Each structure stands twice: as C-alpha cells, then as structure tokens.
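Note: the block below is final38.cif and it holds mmCIF, C-alpha atoms.
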data_entry
loop_
_atom_site.label_atom_id
_atom_site.label_comp_id
_atom_site.auth_asym_id
_atom_site.auth_seq_id
_atom_site.Cartn_x
_atom_site.Cartn_y
_atom_site.Cartn_z
CA MET A 35 37.66 -31.32 -48.81
CA ILE A 36 34.57 -29.23 -48.10
CA VAL A 37 31.54 -31.44 -47.44
CA LEU A 38 28.12 -29.85 -47.12
CA ILE A 39 25.27 -31.68 -45.39
CA GLY A 40 22.03 -29.90 -46.19
CA GLY A 41 18.64 -30.01 -47.83
CA GLU A 42 15.15 -28.59 -47.90
CA LYS A 43 13.49 -31.15 -45.62
CA GLY A 44 13.84 -31.11 -41.85
CA GLY A 45 14.17 -34.16 -39.63
CA THR A 46 16.02 -36.29 -42.17
CA GLY A 47 19.19 -36.83 -40.14
CA LYS A 48 21.50 -34.09 -41.41
CA THR A 49 23.18 -33.46 -38.07
CA THR A 50 23.49 -37.21 -37.53
CA LEU A 51 25.52 -37.39 -40.73
CA SER A 52 27.58 -34.32 -39.77
CA THR A 53 28.43 -35.45 -36.25
CA ASN A 54 29.41 -38.94 -37.31
CA LEU A 55 31.42 -37.79 -40.33
CA ALA A 56 33.33 -35.24 -38.26
CA THR A 57 34.04 -37.72 -35.47
CA ASN A 58 35.18 -40.34 -37.96
CA LEU A 59 37.66 -37.85 -39.38
CA ILE A 60 38.98 -37.06 -35.90
CA LEU A 61 39.28 -40.74 -34.99
CA ASN A 62 41.26 -41.30 -38.17
CA GLY A 63 43.71 -38.55 -37.27
CA GLU A 64 42.36 -36.04 -39.79
CA ASP A 65 42.19 -32.29 -39.34
CA VAL A 66 38.59 -31.05 -39.51
CA LEU A 67 36.47 -27.99 -38.75
CA VAL A 68 32.69 -28.11 -38.54
CA ILE A 69 30.69 -25.05 -39.52
CA ASP A 70 27.19 -24.93 -38.04
CA THR A 71 24.92 -22.73 -40.17
CA ASP A 72 21.65 -24.05 -38.74
CA PRO A 73 19.75 -21.49 -36.60
CA GLN A 74 18.71 -24.36 -34.34
CA GLY A 75 22.38 -24.97 -33.56
CA SER A 76 22.01 -28.74 -33.31
CA PHE A 77 25.66 -29.47 -34.05
CA THR A 78 26.82 -26.78 -31.61
CA THR A 79 24.67 -28.35 -28.89
CA TRP A 80 26.05 -31.81 -29.69
CA SER A 81 29.60 -30.43 -29.53
CA SER A 82 28.97 -28.90 -26.10
CA ILE A 83 27.54 -32.18 -24.82
CA ARG A 84 30.60 -33.99 -26.19
CA ASP A 85 32.92 -31.66 -24.28
CA GLU A 86 30.95 -32.29 -21.08
CA THR A 87 31.01 -36.06 -21.63
CA ALA A 88 34.78 -35.87 -22.10
CA LYS A 89 35.19 -34.03 -18.79
CA LEU A 90 33.07 -36.55 -16.93
CA ASN A 91 34.77 -39.55 -18.55
CA PRO A 92 38.50 -38.77 -18.90
CA ASP A 93 39.28 -42.48 -19.27
CA MET A 94 37.36 -42.56 -22.57
CA ASN A 95 39.88 -40.24 -24.26
CA ILE A 96 37.14 -38.46 -26.19
CA LYS A 97 38.65 -36.23 -28.88
CA ARG A 98 37.27 -32.73 -29.29
CA VAL A 99 35.48 -31.74 -32.51
CA THR A 100 36.09 -28.08 -33.37
CA CYS A 101 32.91 -26.24 -34.33
CA VAL A 102 32.15 -22.63 -35.26
CA VAL A 103 28.86 -20.90 -36.06
CA LYS A 104 28.52 -18.97 -39.31
CA THR A 105 25.39 -17.34 -40.71
CA GLY A 106 24.48 -15.01 -43.55
CA LYS A 107 24.49 -15.02 -47.32
CA THR A 108 28.26 -14.50 -47.66
CA ILE A 109 29.56 -17.38 -45.56
CA HIS A 110 31.15 -18.84 -48.71
CA LYS A 111 33.76 -16.07 -48.48
CA GLU A 112 34.61 -17.02 -44.90
CA ILE A 113 34.75 -20.69 -45.83
CA GLU A 114 37.17 -19.91 -48.65
CA ASP A 115 39.50 -18.44 -46.02
CA LEU A 116 39.02 -21.25 -43.52
CA LYS A 117 39.72 -24.00 -46.06
CA ASN A 118 43.37 -22.93 -46.08
CA ARG A 119 43.62 -23.67 -42.36
CA PHE A 120 41.92 -27.07 -42.21
CA LYS A 121 42.28 -30.21 -44.33
CA HIS A 122 38.55 -30.90 -44.15
CA ILE A 123 35.49 -28.75 -43.49
CA VAL A 124 32.08 -30.22 -42.75
CA ILE A 125 29.15 -27.82 -43.04
CA ASP A 126 25.95 -28.64 -41.15
CA ALA A 127 23.14 -26.67 -42.81
CA GLY A 128 19.50 -26.47 -41.74
CA GLY A 129 16.58 -28.30 -43.26
CA LYS A 130 15.32 -25.54 -45.51
CA ASP A 131 16.21 -23.44 -48.53
CA SER A 132 18.27 -20.80 -46.73
CA VAL A 133 20.82 -18.17 -47.72
CA GLU A 134 23.38 -20.18 -45.75
CA LEU A 135 22.66 -23.35 -47.73
CA ARG A 136 22.87 -21.53 -51.05
CA SER A 137 26.08 -19.74 -50.04
CA ALA A 138 27.75 -22.94 -48.83
CA MET A 139 26.91 -24.65 -52.12
CA LEU A 140 29.12 -22.10 -53.88
CA VAL A 141 32.28 -23.51 -52.27
CA ALA A 142 31.49 -27.13 -51.37
CA ASP A 143 33.24 -30.01 -53.11
CA LYS A 144 30.50 -32.46 -52.19
CA MET A 145 26.98 -32.02 -50.92
CA TYR A 146 24.88 -34.74 -49.32
CA SER A 147 21.15 -34.26 -48.85
CA PRO A 148 19.61 -36.98 -46.68
CA ILE A 149 16.02 -37.93 -47.36
CA GLN A 150 13.78 -40.42 -45.65
CA PRO A 151 12.39 -43.15 -47.92
CA SER A 152 8.98 -41.52 -48.20
CA GLN A 153 7.15 -39.89 -51.08
CA PHE A 154 7.04 -36.55 -49.26
CA ASP A 155 10.83 -36.44 -48.97
CA VAL A 156 11.36 -37.65 -52.51
CA TRP A 157 9.25 -34.77 -53.84
CA THR A 158 11.73 -32.26 -52.36
CA THR A 159 14.55 -33.61 -54.54
CA ALA A 160 13.21 -31.76 -57.59
CA ASN A 161 13.65 -28.44 -55.78
CA MET A 162 17.13 -29.45 -54.64
CA GLU A 163 18.11 -30.22 -58.20
CA VAL A 164 17.21 -26.64 -59.19
CA LEU A 165 19.42 -25.28 -56.39
CA VAL A 166 22.28 -27.54 -57.43
CA GLU A 167 22.05 -26.48 -61.07
CA GLN A 168 22.11 -22.82 -60.04
CA ALA A 169 25.08 -23.33 -57.72
CA LYS A 170 27.07 -25.22 -60.36
CA ILE A 171 27.05 -22.13 -62.57
CA VAL A 172 29.42 -20.56 -60.01
CA ASN A 173 30.86 -23.78 -58.56
CA PRO A 174 31.15 -26.37 -61.35
CA LYS A 175 33.17 -28.72 -59.12
CA LEU A 176 30.17 -29.31 -56.83
CA ASN A 177 29.13 -32.96 -56.71
CA ALA A 178 25.68 -33.39 -55.18
CA TYR A 179 24.24 -36.58 -53.76
CA ILE A 180 21.03 -37.79 -52.21
CA VAL A 181 21.56 -40.25 -49.36
CA ILE A 182 18.67 -42.34 -48.10
CA SER A 183 18.46 -41.91 -44.34
CA LYS A 184 16.39 -43.44 -41.56
CA ALA A 185 15.52 -46.39 -43.76
CA HIS A 186 13.59 -49.24 -42.15
CA THR A 187 15.83 -52.13 -41.12
CA ASN A 188 13.13 -54.62 -42.13
CA ALA A 189 14.30 -56.09 -45.44
CA LYS A 190 10.68 -56.58 -46.51
CA VAL A 191 10.02 -52.84 -46.53
CA THR A 192 10.50 -51.59 -50.08
CA ASP A 193 10.35 -47.82 -49.45
CA ALA A 194 14.10 -47.41 -49.82
CA SER A 195 14.16 -49.26 -53.14
CA GLU A 196 11.30 -47.18 -54.48
CA ALA A 197 12.99 -43.95 -53.40
CA LYS A 198 16.16 -45.08 -55.14
CA ASN A 199 14.30 -45.56 -58.41
CA ILE A 200 12.78 -42.09 -58.30
CA VAL A 201 16.02 -40.32 -57.33
CA ALA A 202 17.84 -42.15 -60.12
CA ASP A 203 15.91 -40.01 -62.64
CA LEU A 204 17.59 -36.79 -61.48
CA ASP A 205 20.16 -35.26 -63.82
CA SER A 206 22.26 -33.06 -61.53
CA ILE A 207 22.16 -35.09 -58.33
CA ASN A 208 23.59 -38.56 -57.88
CA LEU A 209 22.40 -41.22 -55.47
CA ALA A 210 24.83 -42.26 -52.74
CA ASN A 211 25.54 -45.96 -52.61
CA SER A 212 25.29 -46.05 -48.82
CA ILE A 213 22.03 -46.17 -46.89
CA ILE A 214 21.72 -45.01 -43.29
CA TYR A 215 19.16 -47.06 -41.39
CA GLU A 216 16.91 -46.13 -38.48
CA ARG A 217 18.83 -47.42 -35.47
CA GLN A 218 18.45 -46.51 -31.82
CA ILE A 219 22.23 -46.29 -31.44
CA TYR A 220 22.31 -43.07 -33.49
CA ARG A 221 19.98 -41.39 -30.99
CA LYS A 222 21.92 -42.77 -28.02
CA ALA A 223 25.21 -41.54 -29.45
CA ALA A 224 23.81 -38.06 -30.17
CA LYS A 225 22.42 -37.79 -26.64
CA ASN A 226 25.92 -38.26 -25.23
CA GLY A 227 27.80 -36.17 -27.79
CA LEU A 228 29.36 -39.25 -29.34
CA SER A 229 29.36 -41.08 -32.66
CA VAL A 230 28.28 -44.62 -33.41
CA MET A 231 31.94 -45.42 -34.03
CA GLU A 232 32.50 -44.94 -30.29
CA TYR A 233 30.02 -47.68 -29.37
CA ASP A 234 30.14 -51.45 -29.69
CA ASN A 235 27.54 -51.75 -32.44
CA ASN A 236 28.91 -53.59 -35.45
CA LYS A 237 25.96 -52.95 -37.76
CA ALA A 238 26.06 -49.19 -37.25
CA ILE A 239 29.85 -49.07 -37.38
CA LEU A 240 29.99 -50.96 -40.68
CA GLU A 241 27.07 -49.00 -42.12
CA PHE A 242 28.40 -45.56 -41.32
CA GLY A 243 31.94 -46.67 -42.08
CA ASP A 244 30.84 -47.40 -45.64
CA PHE A 245 29.32 -43.93 -45.93
CA TYR A 246 32.47 -42.31 -44.56
CA LYS A 247 34.61 -44.19 -47.09
CA GLU A 248 32.25 -43.18 -49.89
CA VAL A 249 32.40 -39.48 -48.95
CA PHE A 250 36.15 -39.24 -48.51
CA GLY A 251 37.27 -41.84 -51.00
CA VAL A 252 38.90 -44.06 -48.39
CA ASN A 253 39.63 -47.63 -49.42
#
Would you mind writing the structure in this file as structure tokens?
Amino acid sequence: MIVLIGGEKGGTGKTTLSTNLATNLILNGEDVLVIDTDPQGSFTTWSSIRDETAKLNPDMNIKRVTCVVKTGKTIHKEIEDLKNRFKHIVIDAGGKDSVELRSAMLVADKMYSPIQPSQFDVWTTANMEVLVEQAKIVNPKLNAYIVISKAHTNAKVTDASEAKNIVADLDSINLANSIIYERQIYRKAAKNGLSVMEYDNNKAILEFGDFYKEVFGVN
C-alpha cells in the first residue's frame, strides 16, 4: 500500500504520523520504505537520530526504518517502480501545495492530511479537496482523509468536534475516525528517533494503534 501523509498547512504533525506509521509497520514485521519529499527533511533527520540511538543503545534492539529522499514533479514515476520492491511505502510530504505533493497523489492508495482543530486549519481543507479532485482524474483509486491532529486532551474543549462537523461537509475527502491528541510523548519520541509504540505510554499506544489499524485495515 502507498500511504501519503501531506497537506497545505505546516506544523500539523505530518512527520509525527509518518514516523509512527512506519515504525509500527516495522514492529509488526512489515516491509516498508519511507520517501521523504519535504525540503526540510524532517523524516530524514528523525531517521538519522534513530540510527544513532540504536548504536548507543544496542540492548533496545531498535529496528532501522529505511528512508530515501525524492524531489521533483515526476516522483510518481519513481514511486511506481519502488512499489514493486516494497510491500508498503509511506510518503512524508511537506506542509504546502508542492509539485511533490501533487505528484505523489497520482500514485497513492490513501492520503491523510492532518489538521489541528482550529478554524485556520479547517479553511485549508477546501483547497485540499480541489487537489484531491484533480488527482483522482488520473488516480481514481485515491482515498483521501482528514485526520484531526494535536487535539486538546481536555474533554471539555469542543474544537475537535466542531472541526469534525465542518470537514464532514466535504465531498471528496473523508474524515478519519481516529484523533491524534497533543501529548508530550510524541515530542519525546521524535527527539530520540523513536515512536510512541516504543515507550510505556498506554494512552498514546492505544491512540496511535487505532490510527494504524484504520490506515492499514488491521483488525
């Protein structure tokens, strides 16, 4: 499966989704390649930190996550070739409307665009819907989803519910069932090149585990 994590808004947690999805796949014995198309190279940096953490902590048995950098408006052609070599490909795209994002949408099976539960982020979904509709002309199998990210853990905060209602009005983009909450453990894991699944944090493990199952159809 080719899973694209991308969108037009920066700082919404795209690389957090990518790193944790890829690590989950590895921990479950799956074959995965990550393609970093973001000029900032956030996933590539995380991958390098992970390798260093593995060297310094051999007792942790940290599994390597294979990552390559691809840029340009024709990366969909390279991805078409790579998909025959790996069972799963996760694409980490930058937070903007880029040629890499548009190209990746031409070959992805699923696309997840994280948004924070704020009106400013919700407004960007209309633009994403236009991109999705254009991409589906060439790639009709593309299934696009909005996933609410960095939601407040306080149950009294209604931002996430309000964002859900607005996103539900979109025609070409579905709303993911899972919600990723703002938790310090995600930042701690990223700092060490790890995933939340590699820490003893039940809430984060269950939360991201649900998202992983939703993406890959795991029961």
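Between Gln74 of chain A and the candidates A:Asp126, A:Glu112, A:Glu232, A:Glu42, the tightest atom-to-atom separation, counting only C-alpha atoms, involves A:Asp126.
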Self-check item: Output check: residues returned by the PyMOL selection byres ((chain A and resi 202-210) around 9), as a PyMOL selection string
Solution: chain A and resi 146+159-160+162-164+166-167+177-182+197-201+211-213+245+248-249
Written file, previous selection with C-alpha atoms, as a PDB file, keeping the file's coordinate frame:
ATOM      1  CA  TYR A 146      24.880 -34.740 -49.320  1.00  0.00           C
ATOM      2  CA  THR A 159      14.550 -33.610 -54.540  1.00  0.00           C
ATOM      3  CA  ALA A 160      13.210 -31.760 -57.590  1.00  0.00           C
ATOM      4  CA  MET A 162      17.130 -29.450 -54.640  1.00  0.00           C
ATOM      5  CA  GLU A 163      18.110 -30.220 -58.200  1.00  0.00           C
ATOM      6  CA  VAL A 164      17.210 -26.640 -59.190  1.00  0.00           C
ATOM      7  CA  VAL A 166      22.280 -27.540 -57.430  1.00  0.00           C
ATOM      8  CA  GLU A 167      22.050 -26.480 -61.070  1.00  0.00           C
ATOM      9  CA  ASN A 177      29.130 -32.960 -56.710  1.00  0.00           C
ATOM     10  CA  ALA A 178      25.680 -33.390 -55.180  1.00  0.00           C
ATOM     11  CA  TYR A 179      24.240 -36.580 -53.760  1.00  0.00           C
ATOM     12  CA  ILE A 180      21.030 -37.790 -52.210  1.00  0.00           C
ATOM     13  CA  VAL A 181      21.560 -40.250 -49.360  1.00  0.00           C
ATOM     14  CA  ILE A 182      18.670 -42.340 -48.100  1.00  0.00           C
ATOM     15  CA  ALA A 197      12.990 -43.950 -53.400  1.00  0.00           C
ATOM     16  CA  LYS A 198      16.160 -45.080 -55.140  1.00  0.00           C
ATOM     17  CA  ASN A 199      14.300 -45.560 -58.410  1.00  0.00           C
ATOM     18  CA  ILE A 200      12.780 -42.090 -58.300  1.00  0.00           C
ATOM     19  CA  VAL A 201      16.020 -40.320 -57.330  1.00  0.00           C
ATOM     20  CA  ASN A 211      25.540 -45.960 -52.610  1.00  0.00           C
ATOM     21  CA  SER A 212      25.290 -46.050 -48.820  1.00  0.00           C
ATOM     22  CA  ILE A 213      22.030 -46.170 -46.890  1.00  0.00           C
ATOM     23  CA  PHE A 245      29.320 -43.930 -45.930  1.00  0.00           C
ATOM     24  CA  GLU A 248      32.250 -43.180 -49.890  1.00  0.00           C
ATOM     25  CA  VAL A 249      32.400 -39.480 -48.950  1.00  0.00           C
TER      26      VAL A 249
END
Practice problem: Could you tell me which of A:Arg217, A:Lys225, A:Lys117, A:Lys111 comes closest to Asn188 of chain A if we count all atoms listed in the file? | Solution: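 Ranking A:Arg217, A:Lys225, A:Lys117, A:Lys111 by distance to Asn188 of chain A, first place goes to A:Arg217.
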Quiz item: Quick one: residues within 10 Å of Arg119 of chain A, only C-alpha atoms counted, chain neighbours fewer than 5 positions away excluded, as a PyMOL selection string?
Solution: chain A and resi 65-67+113-114
Using only C-alpha atoms, tabulate the residues of segment 188-250 of chain A lying at most 9 Å from any atom of segment 85-89 of chain A, each with its closest atom pair and that distance in Å to one decimal, by chain and increasing residue number, as CSV.
residue,atom,partner,partner_atom,distance
A:Asn226,CA,A:Thr87,CA,6.6
A:Gly227,CA,A:Thr87,CA,6.9
A:Leu228,CA,A:Thr87,CA,8.5
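Nearest to Val124 of chain A of all the residues A:Asn236, A:Asn95, A:Thr49, A:Thr105 is A:Thr49, based on all atoms listed in the file.
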Self-check item: Nearest to Ser147 of chain A by atom-to-atom distance, counting all atoms listed in the file, from A:Thr78, A:Thr187, A:Asn161, A:Gln218
Solution: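 The closest residue to Ser147 of chain A is A:Asn161.
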Quiz prompt | Contact residues around Phe77 of chain A with all atoms listed in the file at 12 Å, ignoring same-chain residues under 3 positions, as a VMD selection string | solution = chain A and resid 39 47 to 57 67 to 74 80 to 84 99 to 103 124 to 128 224 to 225 227 to 228
Skipping near chain neighbours, those fewer than 5 positions away, what residues fall within 10 Å of Met139 of chain A using all atoms listed in the file, listed as a CSV table (one decimal) with C-alpha atoms, in the frame of the given file?
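Once everything was written out, this is out-v4.csv:
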chain,number,residue,atom,x,y,z
A,36,ILE,CA,34.6,-29.2,-48.1
A,37,VAL,CA,31.5,-31.4,-47.4
A,38,LEU,CA,28.1,-29.8,-47.1
A,39,ILE,CA,25.3,-31.7,-45.4
A,40,GLY,CA,22.0,-29.9,-46.2
A,110,HIS,CA,31.2,-18.8,-48.7
A,125,ILE,CA,29.2,-27.8,-43.0
A,133,VAL,CA,20.8,-18.2,-47.7
A,134,GLU,CA,23.4,-20.2,-45.8
A,144,LYS,CA,30.5,-32.5,-52.2
A,145,MET,CA,27.0,-32.0,-50.9
A,165,LEU,CA,19.4,-25.3,-56.4
A,166,VAL,CA,22.3,-27.5,-57.4
A,168,GLN,CA,22.1,-22.8,-60.0
A,169,ALA,CA,25.1,-23.3,-57.7
A,170,LYS,CA,27.1,-25.2,-60.4
A,172,VAL,CA,29.4,-20.6,-60.0
A,173,ASN,CA,30.9,-23.8,-58.6
A,176,LEU,CA,30.2,-29.3,-56.8
A,177,ASN,CA,29.1,-33.0,-56.7
A,178,ALA,CA,25.7,-33.4,-55.2
Quiz item: By how many Å are atom CA of Glu64 of chain A and atom CA of Lys107 of chain A apart?
Solution: 28.6 Å
Quiz item: Which distance in Å separates atom CA of Ala238 of chain A and atom CA of Gly44 of chain A, to one decimal?
Solution: 22.3 Å
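Nearest to Tyr246 of chain A of all the residues A:Met94, A:Ile219, A:Ile214, A:Leu140 is A:Ile214, counting all atoms listed in the file.
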Exercise. Work out how far apart atom CA of Lys104 of chain A and atom CA of Thr158 of chain A are and give it in Å to one decimal.
Key: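 Interatomic distance here is 25.1 Å.
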Self-check item: Counting all atoms listed in the file, the residue of A:Lys121, A:Lys247, A:Arg136, A:Lys237 that sits nearest Gly106 of chain A
Solution: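 Closest candidate: A:Arg136.
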Practice problem: Find the residues near Glu216 of chain A: any atom within 6 Å, counting all atoms listed in the file, skip ones fewer than 6 places away on the same chain, and give them as a ChimeraX atom specification. | Solution: /A:184-186
